[in-house]
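Asker: There's a structure below that I have some questions on.
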Amino acid sequence: MAKTYFEVLKRASSFLKELGKDDYAPYYLLFERKGWNKTDWLLHMKDEIPDVEEAQIHADLNSLQQDYPPQYLLGYSEFYGHRFVVSEDTLIPRPETEELVEYCLNENLQNKLTVVDVGTGTGAIAISLKLARPDWQITAVDLSKEALAVAAQNSEALAASIELVLGDGLAPVLNKEIDILISNPPYISLTEWQLMDQSVKKYEPKQALFAEDDGLAIYKQLVKEAANCLKPAGKIYFEIGFQQGAAVKALIQEKFPNKQVRVEKDLSGNDRMVIAE
């Protein structure tokens with residue numbers, strides 16, 4: 001008997017809900033693959049589903065019940081209006097990081113600035129900045145060769161000319177004088193492991209997530225290194241964990257006593273960014 005999109009998706013969604021998983025994920029995957037919006041869904045939900053698409057939903061379901069991220073199944077994720085290739089070698093870009101990009105762009109309208117993005121991963125921050133400010137000279141640094149390969153793929157696909165550098169923190173660019181240091185570094189404490197989503201714990205790269213010293217180790221490293229390459233009027237934009245605002249602010253203020261340092265909240269009301277200028 002012929003099945004409709006509605007029947008197959010409802011069954012898949014209910015199955016995941018019973019397991020305590022994200023029951024919207026099957027809809028998200030179908031809409032992305034079909035290029036559908038909610039209006040398209042209303043128009044086609046009672047259509048007969050082709051066998052090949054039903055088989056794809058069942059394959060997705062096998063992965064989703066094992067907490068495999070939908071973005072990895074698709075091979076891409078949307079960020080700041082652009083589509084970025086993602087893989088298990090990179091974190092999946094988050095909406096909170098879009099807010100970091102927004103602050104950086106809104107507060108820096110100059111045409112020619114030298115910017116370094118540390119821990120670039122997919123290149124989402126660096127590429128988004130470059131597309132919005134073509135005259136900025138942007139260097140993206142990462143410890144992972146595999147992540148840099150993904151960033152290079154995204155840079156080419158989105159026609160964003162950035163410099164990609166393999167290295168640890170600011171060490172590869174200490175010969176530069178930079179206007180902006182921006183980073184969404186690993187900041188999760190190892191003690192927070194139990195609080196993480198299963199999909200993150202199982203599949204996203206640990207090197208890009210966790211840091212020693214209660215999650216502050218990379219901030220300490222970057223602030224120390226920034227003292228050697230950040231211009232006197234240079235700015236720092238860090239994404240942080242929601243409990244790290246005061247600690248990261250103090251780290252920057254100690255090394256840069258003449259800068260104004262502030263903590264900004266994300267759209268959910270959590271401390272999410274520390275900005276120094």
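Identifiers for the structure tokens are assigned positionally: chains receive A, B, ... in sequence, residues are indexed from 1 per chain, and ligands are indexed from 1 in the order shown.
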Per DSSP on the backbone, what are the strand (DSSP E or B) residues of region 123-169 of chain A, as a list in words?
Answerer: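 Everything in region 123-169 of chain A that counts as strand (DSSP E or B) is Gln137, Ile138, Thr139, Ala140, Val141, Asp142, Glu163, Leu164, Val165 and Leu166 of chain A.
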Asker: Please report, as a Markdown table, each residue of region 58-151 of chain A lying at most 8 Å from region 167-174 of chain A, together with the nearest pair of atoms and the separation in Å rounded to one decimal; use only C-alpha atoms, and order rows by chain and ascending residue number.
Answerer:
| residue | atom | partner | partner_atom | distance |
| --- | --- | --- | --- | --- |
| A:Val118 | CA | A:Gly169 | CA | 6.0 |
| A:Gly119 | CA | A:Gly169 | CA | 7.4 |
| A:Val141 | CA | A:Gly167 | CA | 6.1 |
| A:Asp142 | CA | A:Gly167 | CA | 5.7 |
| A:Leu143 | CA | A:Gly167 | CA | 5.0 |
Asker: Considering only C-alpha atoms, return as a VMD selection string whatever protein or nucleic-acid residues lie within 8 Å of region 88-99 of chain A, sequence-local ones (same chain, fewer than 3 positions apart) excluded.
Answerer: chain A and resid 71 to 72 77 to 80 102 to 103 121 to 122 124 to 125 146 to 147 150 184 203 to 205 208 239 266 to 267 272
Asker: Only N, CA, C and O atoms, please: the residues just picked out, written as an mmCIF file, in the first residue's frame.
Answerer:
data_model
loop_
_atom_site.group_PDB
_atom_site.id
_atom_site.type_symbol
_atom_site.label_atom_id
_atom_site.label_comp_id
_atom_site.auth_asym_id
_atom_site.auth_seq_id
_atom_site.Cartn_x
_atom_site.Cartn_y
_atom_site.Cartn_z
ATOM 1 N N GLN A 71 23.523 17.377 10.734
ATOM 2 C CA GLN A 71 24.412 18.163 9.862
ATOM 3 C C GLN A 71 25.499 17.285 9.257
ATOM 4 O O GLN A 71 25.903 17.502 8.111
ATOM 5 N N TYR A 72 25.983 16.316 10.016
ATOM 6 C CA TYR A 72 26.985 15.403 9.464
ATOM 7 C C TYR A 72 26.360 14.485 8.416
ATOM 8 O O TYR A 72 27.014 14.099 7.445
ATOM 9 N N SER A 77 26.253 22.639 7.034
ATOM 10 C CA SER A 77 25.485 23.370 8.036
ATOM 11 C C SER A 77 25.421 24.829 7.612
ATOM 12 O O SER A 77 26.363 25.349 7.010
ATOM 13 N N GLU A 78 24.310 25.473 7.909
ATOM 14 C CA GLU A 78 24.159 26.885 7.579
ATOM 15 C C GLU A 78 24.769 27.733 8.697
ATOM 16 O O GLU A 78 24.613 27.432 9.878
ATOM 17 N N PHE A 79 25.466 28.806 8.296
ATOM 18 C CA PHE A 79 26.049 29.721 9.277
ATOM 19 C C PHE A 79 26.142 31.108 8.650
ATOM 20 O O PHE A 79 26.727 31.286 7.580
ATOM 21 N N TYR A 80 25.545 32.074 9.312
ATOM 22 C CA TYR A 80 25.589 33.478 8.909
ATOM 23 C C TYR A 80 25.210 33.670 7.432
ATOM 24 O O TYR A 80 25.826 34.436 6.698
ATOM 25 N N GLU A 102 28.675 38.875 14.384
ATOM 26 C CA GLU A 102 27.866 40.097 14.271
ATOM 27 C C GLU A 102 28.466 41.246 15.079
ATOM 28 O O GLU A 102 28.558 42.379 14.605
ATOM 29 N N TYR A 103 28.889 40.949 16.302
ATOM 30 C CA TYR A 103 29.531 41.987 17.129
ATOM 31 C C TYR A 103 30.785 42.506 16.437
ATOM 32 O O TYR A 103 31.033 43.719 16.377
ATOM 33 N N GLY A 121 38.370 25.755 12.570
ATOM 34 C CA GLY A 121 37.461 24.641 12.258
ATOM 35 C C GLY A 121 37.012 24.673 10.807
ATOM 36 O O GLY A 121 37.828 24.590 9.886
ATOM 37 N N THR A 122 35.735 24.810 10.576
ATOM 38 C CA THR A 122 35.182 24.883 9.217
ATOM 39 C C THR A 122 35.573 26.167 8.495
ATOM 40 O O THR A 122 35.344 26.293 7.297
ATOM 41 N N ALA A 124 34.191 28.978 9.512
ATOM 42 C CA ALA A 124 32.932 29.729 9.526
ATOM 43 C C ALA A 124 33.121 31.189 9.929
ATOM 44 O O ALA A 124 32.578 32.094 9.282
ATOM 45 N N ILE A 125 33.879 31.441 10.993
ATOM 46 C CA ILE A 125 34.075 32.818 11.451
ATOM 47 C C ILE A 125 34.890 33.600 10.426
ATOM 48 O O ILE A 125 34.477 34.668 9.957
ATOM 49 N N GLU A 146 43.131 18.181 9.273
ATOM 50 C CA GLU A 146 41.854 17.767 8.702
ATOM 51 C C GLU A 146 40.835 18.905 8.715
ATOM 52 O O GLU A 146 40.100 19.114 7.744
ATOM 53 N N ALA A 147 40.809 19.656 9.828
ATOM 54 C CA ALA A 147 39.899 20.806 9.904
ATOM 55 C C ALA A 147 40.288 21.863 8.879
ATOM 56 O O ALA A 147 39.421 22.445 8.211
ATOM 57 N N VAL A 150 38.955 21.120 5.510
ATOM 58 C CA VAL A 150 37.543 21.474 5.386
ATOM 59 C C VAL A 150 37.396 22.988 5.211
ATOM 60 O O VAL A 150 36.617 23.461 4.370
ATOM 61 N N ASN A 184 36.692 31.224 18.783
ATOM 62 C CA ASN A 184 35.775 30.362 19.520
ATOM 63 C C ASN A 184 36.588 29.112 19.870
ATOM 64 O O ASN A 184 36.504 28.102 19.182
ATOM 65 N N TYR A 203 30.520 12.254 18.589
ATOM 66 C CA TYR A 203 30.938 12.468 17.204
ATOM 67 C C TYR A 203 31.738 13.743 16.928
ATOM 68 O O TYR A 203 32.489 13.784 15.958
ATOM 69 N N GLU A 204 31.581 14.789 17.724
ATOM 70 C CA GLU A 204 32.305 16.020 17.406
ATOM 71 C C GLU A 204 33.731 15.945 17.982
ATOM 72 O O GLU A 204 33.960 15.298 19.003
ATOM 73 N N PRO A 205 34.698 16.590 17.316
ATOM 74 C CA PRO A 205 36.115 16.416 17.698
ATOM 75 C C PRO A 205 36.420 16.956 19.090
ATOM 76 O O PRO A 205 36.195 18.134 19.380
ATOM 77 N N ALA A 208 38.549 20.105 19.723
ATOM 78 C CA ALA A 208 37.928 21.408 19.491
ATOM 79 C C ALA A 208 36.951 21.794 20.597
ATOM 80 O O ALA A 208 36.404 22.902 20.582
ATOM 81 N N GLU A 239 34.481 33.887 22.107
ATOM 82 C CA GLU A 239 33.294 33.184 22.577
ATOM 83 C C GLU A 239 33.688 32.429 23.834
ATOM 84 O O GLU A 239 34.811 31.916 23.934
ATOM 85 N N ASP A 266 24.298 36.132 24.966
ATOM 86 C CA ASP A 266 23.712 35.684 23.709
ATOM 87 C C ASP A 266 22.205 35.893 23.735
ATOM 88 O O ASP A 266 21.649 36.434 24.720
ATOM 89 N N LEU A 267 21.531 35.497 22.675
ATOM 90 C CA LEU A 267 20.087 35.733 22.572
ATOM 91 C C LEU A 267 19.293 34.939 23.602
ATOM 92 O O LEU A 267 18.127 35.235 23.855
ATOM 93 N N ARG A 272 28.155 34.948 26.803
ATOM 94 C CA ARG A 272 28.627 34.186 25.659
ATOM 95 C C ARG A 272 29.854 34.777 24.973
ATOM 96 O O ARG A 272 30.563 34.087 24.273
#
Asker: Among region 6-218 of chain A, which ones does DSSP assign to helix (DSSP H, G or I) (computed from the backbone)? Answer as a VMD selection string.
Answerer: chain A and resid 6 to 18 25 to 34 38 to 44 51 to 64 70 to 74 95 to 106 124 to 132 145 to 157 171 to 173 190 to 195 198 to 203 206 to 208 217 to 218
Asker: Figure out the distance between CA of Leu129 (chain A) and CA of Tyr219 (chain A), please, to one decimal in Å.
Answerer: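 Taking CA of Tyr219 (chain A) as the start and CA of Leu129 (chain A) as the end point, the length is 21.3 Å.
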Asker: Let me make sure I understand: among A:Asn154, A:Thr114, A:Asn108, A:Thr39, which one has the smallest atom-to-atom distance to Ser128 (chain A) if we use only C-alpha atoms?
Answerer: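 Once distances to Ser128 (chain A) are computed over only C-alpha atoms, the minimum belongs to A:Asn154.
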Asker: Which one of A:Glu7, A:Glu177, A:Asp67, A:Glu18 sits closest to Glu54 (chain A) if you count only C-alpha atoms?
Answerer: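 So, comparing all the options, the nearest one is A:Glu7.
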Asker: How many Å separate CA of Met45 (chain A) from CA of Thr4 (chain A)?
Answerer: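 Answer for the CA of Met45 (chain A) to CA of Thr4 (chain A) separation: 6.7 Å.
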Asker: With distances taken over only C-alpha atoms, which of A:Ala12, A:Leu74, A:Val52, A:Leu19 is nearest to Phe31 (chain A)?
Answerer: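 Looking only at the distances to Phe31 (chain A), the closest residue turns out to be A:Leu74.
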Asker: In Å, with one decimal, what is the gap from CA of Leu105 (chain A) to CA of Thr120 (chain A)?
Answerer: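 Spanning CA of Leu105 (chain A) to CA of Thr120 (chain A) is a straight-line distance of 17.0 Å.
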